[in-house]
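Colleague: File follows, my_file_9.txt with compact mmCIF, C-alpha atoms and all ligand atoms:
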```txt
# COMPACT_ATOMS: atom_id res chain seq x y z
CA MET A 1 138.84 106.05 193.15
CA PRO A 2 137.25 109.31 194.30
CA ASP A 3 134.39 109.19 196.81
CA ARG A 4 131.95 110.01 194.03
CA PHE A 5 132.26 108.71 190.48
CA ALA A 6 130.21 107.14 187.69
CA ILE A 7 130.41 104.12 185.44
CA SER A 8 128.52 104.14 182.15
CA ALA A 9 127.81 101.29 179.76
CA GLU A 10 125.97 100.50 176.57
CA THR A 11 123.26 98.98 178.74
CA VAL A 12 122.73 99.07 182.50
CA VAL A 13 120.65 96.13 183.78
CA PRO A 14 119.60 97.19 187.28
CA MET A 15 117.29 94.21 188.04
CA ASN A 16 114.90 96.50 189.92
CA GLY A 17 113.62 98.16 186.76
CA PRO A 18 113.96 97.83 182.98
CA PRO A 19 117.38 97.89 181.32
CA ILE A 20 118.62 101.36 180.46
CA ASP A 21 120.34 101.92 177.12
CA HIS A 22 123.33 104.23 177.47
CA GLY A 23 122.93 104.19 181.23
CA ALA A 24 125.20 105.03 184.12
CA VAL A 25 125.59 104.21 187.79
CA ILE A 26 126.69 106.96 190.15
CA VAL A 27 128.67 105.69 193.16
CA LEU A 28 129.00 107.74 196.32
CA ASN A 29 131.00 106.52 199.32
CA ALA A 30 130.84 102.83 198.25
CA LYS A 31 127.04 102.96 197.79
CA ILE A 32 124.86 103.43 194.73
CA GLU A 33 123.71 107.01 194.63
CA SER A 34 121.54 106.60 191.53
CA VAL A 35 121.14 104.89 188.17
CA VAL A 36 120.48 107.33 185.34
CA PRO A 37 120.62 107.72 181.55
CA LYS A 38 124.13 108.77 180.68
CA HIS A 39 123.02 112.16 179.38
CA GLN A 40 121.69 112.98 182.85
CA LEU A 41 125.04 112.56 184.59
CA PRO A 42 125.98 115.62 186.67
CA SER A 43 128.47 117.81 184.90
CA GLY A 44 132.06 117.39 186.03
CA ILE A 45 131.61 113.94 187.60
CA GLU A 46 134.42 111.49 186.83
CA CYS A 47 132.99 108.77 184.61
CA ASP A 48 134.49 105.55 183.24
CA ASP A 49 132.74 104.79 179.96
CA TYR A 50 132.30 101.27 178.57
CA PRO A 51 130.23 101.75 175.40
CA ASP A 52 130.26 98.08 174.30
CA SER A 53 129.51 96.48 177.66
CA LEU A 54 126.67 95.65 180.04
CA LEU A 55 126.68 96.74 183.68
CA LEU A 56 124.62 94.77 186.19
CA PRO A 57 124.56 93.92 189.90
CA ALA A 58 127.36 91.58 190.97
CA PHE A 59 126.22 87.99 191.46
CA VAL A 60 125.17 86.45 194.77
CA ASN A 61 126.10 82.79 195.32
CA ALA A 62 123.85 81.59 198.12
CA HIS A 63 125.43 78.17 198.56
CA THR A 64 129.08 77.23 198.67
CA HIS A 65 131.82 75.85 200.90
CA LEU A 66 134.84 78.07 200.26
CA VAL A 67 137.06 75.94 202.49
CA LEU A 68 136.67 73.01 200.06
CA THR A 69 137.88 74.95 197.00
CA ALA A 70 141.21 73.12 196.86
CA PHE A 71 139.45 69.73 196.89
CA ARG A 72 138.34 70.12 193.27
CA GLY A 73 139.20 66.98 191.33
CA MET A 74 139.58 64.67 194.32
CA ALA A 75 136.87 62.27 193.09
CA ASP A 76 135.26 62.70 189.70
CA ASP A 77 133.29 59.52 189.15
CA VAL A 78 131.70 58.54 192.47
CA ASP A 79 128.22 58.87 193.95
CA LEU A 80 127.39 61.33 196.73
CA PHE A 81 127.67 58.79 199.54
CA THR A 82 131.15 57.67 198.46
CA TRP A 83 132.16 61.26 197.68
CA LEU A 84 131.19 62.40 201.16
CA ALA A 85 132.21 59.40 203.26
CA ASP A 86 135.38 58.29 201.48
CA HIS A 87 136.73 61.55 200.08
CA VAL A 88 135.41 64.83 201.53
CA LEU A 89 135.15 63.92 205.20
CA PRO A 90 138.51 62.14 205.54
CA LEU A 91 140.23 64.99 203.73
CA ASP A 92 138.30 67.69 205.56
CA LEU A 93 138.95 66.20 208.99
CA ASP A 94 142.60 65.49 208.32
CA ARG A 95 143.54 68.81 206.80
CA ARG A 96 146.06 71.37 207.84
CA GLU A 97 144.60 74.68 208.89
CA ASP A 98 146.97 76.74 206.75
CA GLU A 99 146.05 74.70 203.65
CA CYS A 100 142.35 75.15 204.28
CA ARG A 101 142.69 78.87 204.91
CA ALA A 102 144.56 79.15 201.60
CA SER A 103 141.81 77.10 199.96
CA ALA A 104 139.13 79.47 201.28
CA ALA A 105 141.10 82.53 200.17
CA ALA A 106 141.44 81.01 196.69
CA GLY A 107 137.69 80.45 196.68
CA VAL A 108 137.03 84.11 197.45
CA GLU A 109 139.37 85.19 194.69
CA LYS A 110 137.69 82.86 192.20
CA CYS A 111 134.30 84.23 193.21
CA PHE A 112 135.45 87.79 192.51
CA ARG A 113 136.85 86.73 189.13
CA ASN A 114 133.46 85.27 188.31
CA GLY A 115 131.52 88.36 189.27
CA ILE A 116 130.37 87.12 192.68
CA THR A 117 130.75 89.59 195.57
CA ALA A 118 128.48 87.91 198.13
CA VAL A 119 128.25 84.28 199.18
CA ALA A 120 126.59 82.06 201.72
CA GLU A 121 129.55 80.11 203.08
CA GLN A 122 128.93 76.86 204.96
CA HIS A 123 131.50 75.06 207.07
CA TYR A 124 132.19 74.04 210.66
CA THR A 125 135.25 76.28 210.90
CA THR A 126 135.45 80.06 210.48
CA TRP A 127 138.15 79.79 207.81
CA GLY A 128 135.80 80.70 204.97
CA ARG A 129 134.29 83.55 206.96
CA ASP A 130 137.76 84.87 207.78
CA ALA A 131 138.79 84.75 204.11
CA MET A 132 135.63 86.69 203.19
CA HIS A 133 136.38 89.29 205.84
CA ASP A 134 140.01 89.68 204.77
CA ALA A 135 139.04 90.24 201.12
CA GLY A 136 136.04 92.49 201.79
CA MET A 137 133.48 89.95 200.59
CA LYS A 138 130.02 90.06 202.14
CA GLY A 139 127.39 87.41 202.80
CA ILE A 140 126.49 84.88 205.45
CA PHE A 141 128.65 82.45 207.36
CA PHE A 142 126.53 79.37 208.06
CA TYR A 143 128.06 77.32 210.83
CA GLU A 144 127.67 73.67 209.84
CA VAL A 145 126.37 71.19 212.39
CA PHE A 146 127.09 67.48 211.97
CA GLY A 147 125.92 64.92 214.48
CA LEU A 148 125.75 61.23 213.86
CA GLY A 149 124.81 60.11 217.35
CA THR A 150 127.39 57.43 217.96
CA LEU A 151 129.98 59.35 216.00
CA ASP A 152 130.25 63.12 216.42
CA LEU A 153 132.50 63.95 213.54
CA THR A 154 133.32 67.47 214.55
CA ARG A 155 132.20 68.11 218.12
CA SER A 156 129.49 67.39 220.70
CA THR A 157 126.09 69.06 220.87
CA GLU A 158 127.29 71.31 223.69
CA GLY A 159 130.44 72.11 221.76
CA HIS A 160 128.34 73.19 218.80
CA ARG A 161 126.08 75.26 221.05
CA GLU A 162 129.00 77.17 222.56
CA LEU A 163 130.44 77.95 219.14
CA ILE A 164 127.09 79.11 217.76
CA GLU A 165 126.74 81.52 220.72
CA LYS A 166 130.26 82.79 220.09
CA PHE A 167 129.85 83.22 216.32
CA ALA A 168 126.42 84.84 216.68
CA GLY A 169 128.14 87.52 218.76
CA GLU A 170 130.74 88.07 216.04
CA ALA A 171 128.26 88.69 213.18
CA THR A 172 128.44 91.99 211.32
CA ASN A 173 126.20 93.75 208.80
CA GLU A 174 128.57 92.64 206.03
CA ILE A 175 128.98 89.01 207.14
CA CYS A 176 125.85 87.78 208.88
CA PHE A 177 125.66 84.53 210.78
CA GLY A 178 123.42 81.50 210.50
CA VAL A 179 123.19 77.81 211.38
CA ALA A 180 123.42 74.97 208.86
CA PRO A 181 122.25 71.56 210.04
CA HIS A 182 124.21 69.72 207.33
CA ALA A 183 121.50 67.29 206.16
CA PRO A 184 118.74 65.14 207.68
CA TYR A 185 120.90 62.01 207.40
CA THR A 186 123.83 63.60 209.27
CA VAL A 187 121.95 65.44 212.01
CA THR A 188 120.21 63.43 214.70
CA PRO A 189 117.30 64.77 216.79
CA PRO A 190 119.34 66.12 219.75
CA MET A 191 121.66 68.03 217.44
CA ALA A 192 118.77 69.27 215.31
CA ARG A 193 116.86 70.49 218.39
CA MET A 194 119.91 72.37 219.60
CA ALA A 195 120.38 74.02 216.18
CA CYS A 196 116.73 75.01 216.09
CA GLU A 197 116.81 76.35 219.65
CA MET A 198 119.82 78.52 218.89
CA ALA A 199 118.34 79.77 215.63
CA TRP A 200 115.21 80.92 217.46
CA LYS A 201 117.19 82.36 220.39
CA TYR A 202 119.39 84.54 218.16
CA ASP A 203 116.94 84.98 215.25
CA LEU A 204 119.36 83.25 212.86
CA PRO A 205 118.77 82.15 209.28
CA MET A 206 119.29 78.45 208.57
CA THR A 207 120.21 76.36 205.57
CA THR A 208 120.40 72.65 204.90
CA HIS A 209 121.09 70.13 202.14
CA ILE A 210 117.83 68.22 201.82
CA ALA A 211 116.37 65.51 199.55
CA GLU A 212 119.60 65.41 197.58
CA THR A 213 119.55 61.67 196.87
CA ARG A 214 117.17 58.75 196.48
CA GLU A 215 119.09 57.04 199.28
CA GLU A 216 118.08 59.80 201.70
CA VAL A 217 114.43 59.33 200.72
CA GLU A 218 114.70 55.56 201.17
CA PHE A 219 116.37 55.87 204.55
CA PHE A 220 113.69 58.11 206.03
CA LEU A 221 110.72 56.34 204.46
CA HIS A 222 111.79 52.75 205.02
CA GLY A 223 114.99 52.68 207.10
CA THR A 224 116.78 50.76 204.35
CA GLY A 225 119.57 51.41 201.86
CA ARG A 226 123.14 52.62 202.14
CA PHE A 227 122.42 55.38 204.62
CA SER A 228 120.84 52.91 207.08
CA THR A 229 124.14 51.09 207.57
CA ALA A 230 126.09 54.25 208.26
CA ARG A 231 123.41 55.71 210.51
CA ARG A 232 122.94 52.56 212.64
CA GLY A 233 122.89 53.54 216.32
CA ALA A 234 121.79 57.12 215.65
CA ARG A 235 118.38 57.64 217.21
CA TYR A 236 116.29 58.55 214.19
CA PRO A 237 112.48 58.27 214.15
CA THR A 238 111.14 54.84 213.27
CA PRO A 239 110.35 54.74 209.54
CA ASP A 240 106.67 54.25 208.72
CA GLY A 241 106.73 54.46 204.93
CA LYS A 242 105.11 57.90 205.03
CA HIS A 243 107.41 60.37 206.72
CA THR A 244 110.22 61.84 204.64
CA SER A 245 113.37 63.78 205.49
CA VAL A 246 111.37 66.99 205.01
CA ASP A 247 108.85 65.78 207.61
CA TYR A 248 111.74 64.91 209.93
CA PHE A 249 113.28 68.38 209.83
CA ASN A 250 109.90 70.11 209.79
CA ASP A 251 108.71 68.20 212.87
CA LEU A 252 111.83 69.39 214.70
CA GLY A 253 111.13 73.03 213.74
CA LEU A 254 114.06 73.44 211.37
CA LEU A 255 112.05 74.60 208.37
CA THR A 256 111.07 78.26 208.52
CA GLU A 257 110.69 81.04 205.97
CA ASN A 258 114.35 81.82 206.78
CA THR A 259 115.58 78.30 206.04
CA LEU A 260 117.26 78.09 202.65
CA ILE A 261 116.72 74.60 201.26
CA VAL A 262 119.56 73.39 199.05
CA HIS A 263 119.22 70.68 196.36
CA GLY A 264 115.65 69.35 196.83
CA VAL A 265 116.20 66.94 193.95
CA HIS A 266 113.89 64.24 195.32
CA LEU A 267 111.10 66.17 196.99
CA SER A 268 107.71 64.48 196.93
CA ASP A 269 104.54 66.42 196.19
CA SER A 270 103.68 66.45 199.89
CA ASP A 271 107.22 67.68 200.72
CA LEU A 272 106.70 70.52 198.29
CA ASN A 273 103.34 71.37 199.82
CA ILE A 274 104.98 71.61 203.27
CA ILE A 275 107.77 73.80 201.92
CA SER A 276 105.28 75.98 200.04
CA ASP A 277 103.16 76.52 203.14
CA ILE A 278 106.26 77.63 205.07
CA LYS A 279 107.67 79.57 202.07
CA CYS A 280 111.23 78.33 202.44
CA PRO A 281 113.58 79.80 199.83
CA MET A 282 115.03 77.14 197.50
CA LEU A 283 118.40 76.73 195.82
CA THR A 284 119.49 74.38 193.06
CA CYS A 285 123.07 73.41 192.15
CA PRO A 286 122.78 72.06 188.59
CA THR A 287 126.41 71.06 188.01
CA SER A 288 126.96 69.49 191.42
CA ASN A 289 123.73 67.48 191.19
CA SER A 290 124.57 66.18 187.73
CA LYS A 291 128.24 65.48 188.46
CA LEU A 292 127.30 63.38 191.49
CA GLY A 293 124.52 61.73 189.48
CA VAL A 294 121.80 62.50 192.01
CA GLY A 295 119.35 63.80 189.40
CA ILE A 296 117.77 67.06 188.29
CA ALA A 297 115.51 69.04 190.60
CA ARG A 298 111.97 69.82 189.34
CA VAL A 299 112.52 73.54 189.66
CA GLY A 300 109.50 74.42 187.53
CA ALA A 301 107.33 73.02 190.32
CA TRP A 302 109.10 75.24 192.86
CA VAL A 303 108.33 78.29 190.75
CA ASN A 304 104.73 77.17 190.26
CA HIS A 305 104.39 77.02 194.05
CA GLY A 306 105.51 80.64 194.25
CA LEU A 307 108.81 79.88 195.97
CA ASN A 308 111.88 82.09 195.85
CA VAL A 309 114.32 80.10 193.64
CA CYS A 310 118.09 80.59 193.52
CA ILE A 311 120.97 78.99 191.61
CA GLY A 312 124.23 78.32 193.47
CA THR A 313 127.47 76.55 192.75
CA ASP A 314 128.01 74.38 195.86
CA SER A 315 131.71 73.79 196.54
CA ALA A 316 134.34 73.35 193.85
CA ALA A 317 134.72 69.78 195.16
CA SER A 318 131.38 68.83 193.54
CA GLY A 319 130.31 71.86 191.48
CA GLU A 320 133.77 72.39 189.95
CA THR A 321 133.32 76.06 189.27
CA PHE A 322 132.18 79.47 190.54
CA ASP A 323 131.09 80.39 187.01
CA LEU A 324 127.44 81.40 187.44
CA PHE A 325 127.09 82.28 183.74
CA GLU A 326 127.83 78.64 182.93
CA GLU A 327 125.64 77.49 185.81
CA MET A 328 122.68 79.53 184.51
CA ARG A 329 122.98 78.01 181.04
CA ARG A 330 123.34 74.47 182.37
CA PHE A 331 120.31 75.05 184.56
CA VAL A 332 118.12 76.07 181.63
CA LEU A 333 119.40 73.29 179.38
CA MET A 334 118.90 70.61 182.04
CA GLN A 335 115.39 71.82 182.84
CA ARG A 336 114.48 71.82 179.14
CA GLY A 337 115.92 68.32 178.83
CA LEU A 338 113.91 67.22 181.87
CA THR A 339 110.55 68.68 180.91
CA GLY A 340 110.69 69.58 177.23
CA GLU A 341 109.14 72.92 178.15
CA LEU A 342 110.73 75.94 176.50
CA ASP A 343 108.96 78.73 178.35
CA GLN A 344 109.30 77.68 182.00
CA PHE A 345 111.87 80.36 182.76
CA SER A 346 112.54 83.61 180.94
CA ALA A 347 116.13 84.83 180.71
CA GLU A 348 115.18 87.55 183.21
CA ASP A 349 113.81 84.89 185.61
CA VAL A 350 117.14 83.04 185.43
CA LEU A 351 119.17 86.23 185.97
CA ARG A 352 117.10 86.85 189.11
CA MET A 353 118.14 83.44 190.43
CA VAL A 354 121.74 84.68 190.80
CA THR A 355 120.98 88.28 191.84
CA THR A 356 117.76 89.47 193.48
CA ASN A 357 116.47 86.06 194.59
CA PRO A 358 119.55 84.93 196.56
CA ALA A 359 119.91 88.42 198.04
CA LYS A 360 116.36 88.09 199.35
CA ALA A 361 116.95 84.50 200.53
CA MET A 362 119.96 85.73 202.51
CA GLY A 363 118.00 88.65 204.01
CA MET A 364 120.35 91.13 202.32
CA SER A 365 118.13 92.70 199.66
CA ASP A 366 118.76 96.18 201.01
CA MET A 367 122.51 95.74 200.34
CA ILE A 368 122.99 93.52 197.29
CA GLY A 369 121.24 91.87 194.34
CA ASP A 370 120.05 94.93 192.42
CA LEU A 371 121.14 98.47 191.65
CA ARG A 372 118.79 100.32 193.98
CA GLU A 373 119.69 103.64 195.50
CA GLY A 374 121.59 103.10 198.75
CA SER A 375 122.70 99.54 197.94
CA CYS A 376 126.35 98.56 198.09
CA ALA A 377 128.19 99.46 194.87
CA ASP A 378 128.70 95.78 193.97
CA LEU A 379 128.83 95.77 190.19
CA LEU A 380 129.67 93.47 187.31
CA LEU A 381 130.77 94.68 183.88
CA VAL A 382 130.74 92.27 180.94
CA GLN A 383 131.73 92.71 177.33
CA PRO A 384 130.10 89.96 175.26
CA ASP A 385 131.80 88.85 172.08
CA LEU A 386 129.14 89.62 169.49
CA GLU A 387 131.43 90.34 166.60
CA GLY A 388 129.69 89.46 163.35
CA VAL A 389 126.42 88.59 165.11
CA ILE A 390 123.19 90.43 164.49
CA LYS A 391 121.79 91.47 167.88
CA TYR A 392 118.63 89.42 168.17
CA ARG A 393 118.55 89.18 171.95
CA ASP A 394 117.48 91.61 174.64
CA PRO A 395 120.00 92.31 177.44
CA TYR A 396 118.68 89.46 179.63
CA GLY A 397 119.00 87.01 176.72
CA THR A 398 122.49 88.29 175.99
CA LEU A 399 123.52 87.80 179.62
CA LEU A 400 122.09 84.28 179.70
CA TRP A 401 123.23 82.94 176.33
CA ASP A 402 126.10 85.07 175.02
CA VAL A 403 128.23 85.98 178.01
CA LYS A 404 131.02 83.64 179.08
CA SER A 405 133.09 84.12 182.22
CA GLU A 406 136.02 85.24 180.04
CA ASN A 407 133.84 88.19 178.98
CA ILE A 408 133.89 89.58 182.54
CA ARG A 409 135.76 92.84 182.33
CA LYS A 410 135.55 94.35 185.80
CA VAL A 411 134.00 93.60 189.18
CA TRP A 412 133.47 96.10 191.99
CA SER A 413 132.68 95.43 195.65
CA ASP A 414 131.66 98.48 197.69
CA GLY A 415 132.86 100.64 194.81
CA GLN A 416 136.35 99.12 194.86
CA GLU A 417 137.63 97.12 191.91
CA VAL A 418 138.17 93.54 193.03
CA TYR A 419 138.75 92.14 189.53
CA SER A 420 139.84 93.75 186.30
CA LYS A 421 140.78 92.09 183.03
ZN ZN B 501 126.80 72.10 199.83
```
Turn this file's structure into structure tokens for me.
Modeller:
Amino acid sequence: MPDRFAISAETVVPMNGPPIDHGAVIVLNAKIESVVPKHQLPSGIECDDYPDSLLLPAFVNAHTHLVLTAFRGMADDVDLFTWLADHVLPLDLDRREDECRASAAAGVEKCFRNGITAVAEQHYTTWGRDAMHDAGMKGIFFYEVFGLGTLDLTRSTEGHRELIEKFAGEATNEICFGVAPHAPYTVTPPMARMACEMAWKYDLPMTTHIAETREEVEFFLHGTGRFSTARRGARYPTPDGKHTSVDYFNDLGLLTENTLIVHGVHLSDSDLNIISDIKCPMLTCPTSNSKLGVGIARVGAWVNHGLNVCIGTDSAASGETFDLFEEMRRFVLMQRGLTGELDQFSAEDVLRMVTTNPAKAMGMSDMIGDLREGSCADLLLVQPDLEGVIKYRDPYGTLLWDVKSENIRKVWSDGQEVYSK
């Protein structure tokens, strides 16, 4: 492609302003120069015209584990504890590096095919980060910290500290770096303190799986249940029937306005008040949560508390797919099934959960998430199949309800085509 070119569509949905009928995006040196009505395009500029399509910012998937892409289908009908302890961890710890690098590369390719050009990758190896770098994908690499006290599954606290220092020094503008204490039930106080200390030292974002299951709630409140057996010997606070996993991480300093909370299916009202006071961004994984049978997060309450809400896929090992169009629809349907409320989220609200909101949660709003001047030219072109259908819906409604992943026509990252149908 030339250094400067334009793409026009029936409708451009910039997400930082109203949709533009017969609009165009001008790209200059891999960045967005401007978004204009097509008739205002400069004369002589090379323009690809897609008169029956919608052009919007490429999607941002703020929670996944690219390395686990190849583990899809390893356990379809088990609960989270069994899934993690008996399937994911044994496989993940006994894997061959070349297989896992191939798995991560496949994950990146599947993201591109599904219109995703930025992800928050979480793993305790750099294999996902390296695959992102090789393919020109941007985002955050969250280094995952596990520490079970008597059993350090990956490495010791000092080993984690050394790697965090190393990886923090390797961060770039395109692939930032952060720390991911895996979950309250897998990170003991010494490991959590180290993660927190390093996050403050290097001004790093954090993320964590929290309140995913009832078993986690039971373990922190009462010290009972399945997690108590596995965590025996790890020096957790003594349960008092009042303090939850959110209290545990908050007391250790792990919850900040730059801590992206993933899942949050079983947050109590007081948990939500704590999170609201801190203003942690939140992310829900509708398919993963339902497939593992952990429940449905009360996302309406997150929105009512003014929190920044995102939708992500989690890994293919639990979420199955990188199809955020499908994930958006499932999200709305599940929330309607949960509450019976039809007007909790507008179609525009839901579109924001896979574009502007995750970009903000990842601290990358100036690069991705909307079509603002100077942003990266990360674009998604879709051609919905509306043959024989009267157009009742506005562009946001069309994107939420009509568009399937097979309707994705082209995807650009930094002005380069990374997928074309
Ligand atoms: Zn996850």
Colleague: Collect all residues with atoms no farther than 8 Å from ligand ZN 501 (chain B), counting all atoms listed in the file, and output them as a list in words.
Modeller: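 Counting only what the definition allows, namely all atoms listed in the file, the set is His63, Thr64, His65, Gln122, His209, Val262, Asp314 and Ser315 of chain A.
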Colleague: Just want the 9 Å neighbourhood of A:Asp203, counted on only C-alpha atoms, with same-chain residues fewer than 4 positions away dropped. Output as a PyMOL selection string.
Modeller: chain A and resi 178+198-199
Colleague: Between A:Asn16, A:Pro239, A:Tyr419, A:Trp401, which one has atoms that come closest to A:Ser346, using all atoms listed in the file?
Modeller: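 Looking only at the distances to A:Ser346, the closest residue turns out to be A:Trp401.
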Colleague: At a cut-off of 7 Å, using all atoms listed in the file, what residues contact A:Val187? Leave out same-chain residues fewer than 3 positions from it and give the result as a list of chain:residue names.
Modeller: A:Phe146, A:Gly147, A:Leu148, A:Pro181, A:His182, A:Ala183, A:Pro184, A:Met191, A:Ala192
Colleague: Using Å and a single decimal, report how far atom CA of A:Gly388 sits from atom CA of A:Asp52.
Modeller: 13.9 Å
Colleague: Name the residues in contact with A:Ile278 at a cut-off of 6 Å, using all atoms listed in the file, excluding same-chain residues fewer than 2 positions from it; report them as a tab-separated table (two decimals) with C-alpha atoms, keeping the file's coordinate frame.
Modeller:
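Produced file part.tsv, reproduced below:
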```
chain	number	residue	atom	x	y	z
A	256	THR	CA	111.07	78.26	208.52
A	257	GLU	CA	110.69	81.04	205.97
A	275	ILE	CA	107.77	73.80	201.92
A	276	SER	CA	105.28	75.98	200.04
A	280	CYS	CA	111.23	78.33	202.44
```
Colleague: Which residue gives the smallest distance to A:Glu197 among A:Gly107, A:Pro19, A:Gly44, A:Gly253, with all atoms listed in the file counted?
Modeller: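 Closest candidate: A:Gly253.
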Colleague: Please list as a list in words every residue within 12 Å of A:Glu218, counting all atoms listed in the file and excluding residues in the same chain fewer than 6 positions away.
Modeller: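 Residues near the query, excluding close chain neighbours: Tyr185, Ala211, Glu212, Thr224, Gly225, Arg226, Phe227, Ser228, Pro239, Asp240, Gly241, Lys242, His243, Thr244, Ser245, His266 and Leu267 of chain A.
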Colleague: Counting only C-alpha atoms, select every polymer residue within 9 Å of (132.1, 86.4, 206.2) as defined in the file's coordinates, and provide the selection as a list in words.
Modeller: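 Answer for this query, in the requested form: Ala118, Val119, Ala120, Glu121, Thr126, Gly128, Arg129, Asp130, Ala131, Met132, His133, Asp134, Gly136, Met137, Lys138, Gly139, Ile140, Phe141, Ala171, Thr172, Glu174, Ile175, Cys176 and Phe177 of chain A.
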Colleague: Select, from A:Asp79, A:Ala377, A:Arg96, A:Leu272, the residue with the minimum atom-to-atom distance to A:Arg4, counting all atoms listed in the file.
Modeller: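 Looking only at the distances to A:Arg4, the closest residue turns out to be A:Ala377.
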Colleague: Using all atoms listed in the file, determine which residues lie at most 9 Å from A:Thr69, disregarding the query and same-chain residues fewer than 3 positions distant; provide the list as a PDB file with C-alpha atoms, in the frame of the given file.
Modeller:
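Written file, out-v3.pdb:
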```pdb
ATOM      1  CA  HIS A  65     131.820  75.850 200.900  1.00  0.00           C
ATOM      2  CA  LEU A  66     134.840  78.070 200.260  1.00  0.00           C
ATOM      3  CA  ARG A  72     138.340  70.120 193.270  1.00  0.00           C
ATOM      4  CA  CYS A 100     142.350  75.150 204.280  1.00  0.00           C
ATOM      5  CA  SER A 103     141.810  77.100 199.960  1.00  0.00           C
ATOM      6  CA  ALA A 104     139.130  79.470 201.280  1.00  0.00           C
ATOM      7  CA  ALA A 105     141.100  82.530 200.170  1.00  0.00           C
ATOM      8  CA  ALA A 106     141.440  81.010 196.690  1.00  0.00           C
ATOM      9  CA  GLY A 107     137.690  80.450 196.680  1.00  0.00           C
ATOM     10  CA  SER A 315     131.710  73.790 196.540  1.00  0.00           C
ATOM     11  CA  ALA A 316     134.340  73.350 193.850  1.00  0.00           C
ATOM     12  CA  ALA A 317     134.720  69.780 195.160  1.00  0.00           C
ATOM     13  CA  GLU A 320     133.770  72.390 189.950  1.00  0.00           C
TER      14      GLU A 320
END
```
Colleague: Please, what distance in Å, to one decimal, runs between atom CA of A:Pro286 and atom CA of A:Leu379?
Modeller: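 These two atoms are separated by 24.5 Å.
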Colleague: Please return the centre and edge lengths, in Å to one decimal, of a box with edges along x, y and z that contains all listed atoms of stretch 20-39 of chain A, widened by 6 Å on every side, as AutoDock Vina command-line options.
Modeller:
```
--center_x 124.8 --center_y 106.8 --center_z 188.2 --size_x 24.4 --size_y 22.8 --size_z 34.2
```
Colleague: Nearest residue to A:Val145 out of A:Val411, A:Leu163, A:Ala180, A:Val309, using all atoms listed in the file?
Modeller: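 Distance minimum relative to A:Val145 lands on A:Ala180.
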Colleague: Could you tell me which of A:Leu351, A:Ala230, A:Met367, A:Ile20 comes closest to A:Thr117 if we count only C-alpha atoms?
Modeller: A:Met367
Colleague: Please report the interatomic distance between atom CA of A:Glu373 and atom CA of A:Ile32 in Å with one decimal.
Modeller: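 Distance reported for this atom pair: 5.2 Å.
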Colleague: Which residue out of A:Ser43, A:Thr287, A:Asn29, A:Gln383 has the minimum interatomic distance to A:Phe322 when all atoms listed in the file are used?
Modeller: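 For A:Phe322, the nearest of the given residues is A:Thr287.
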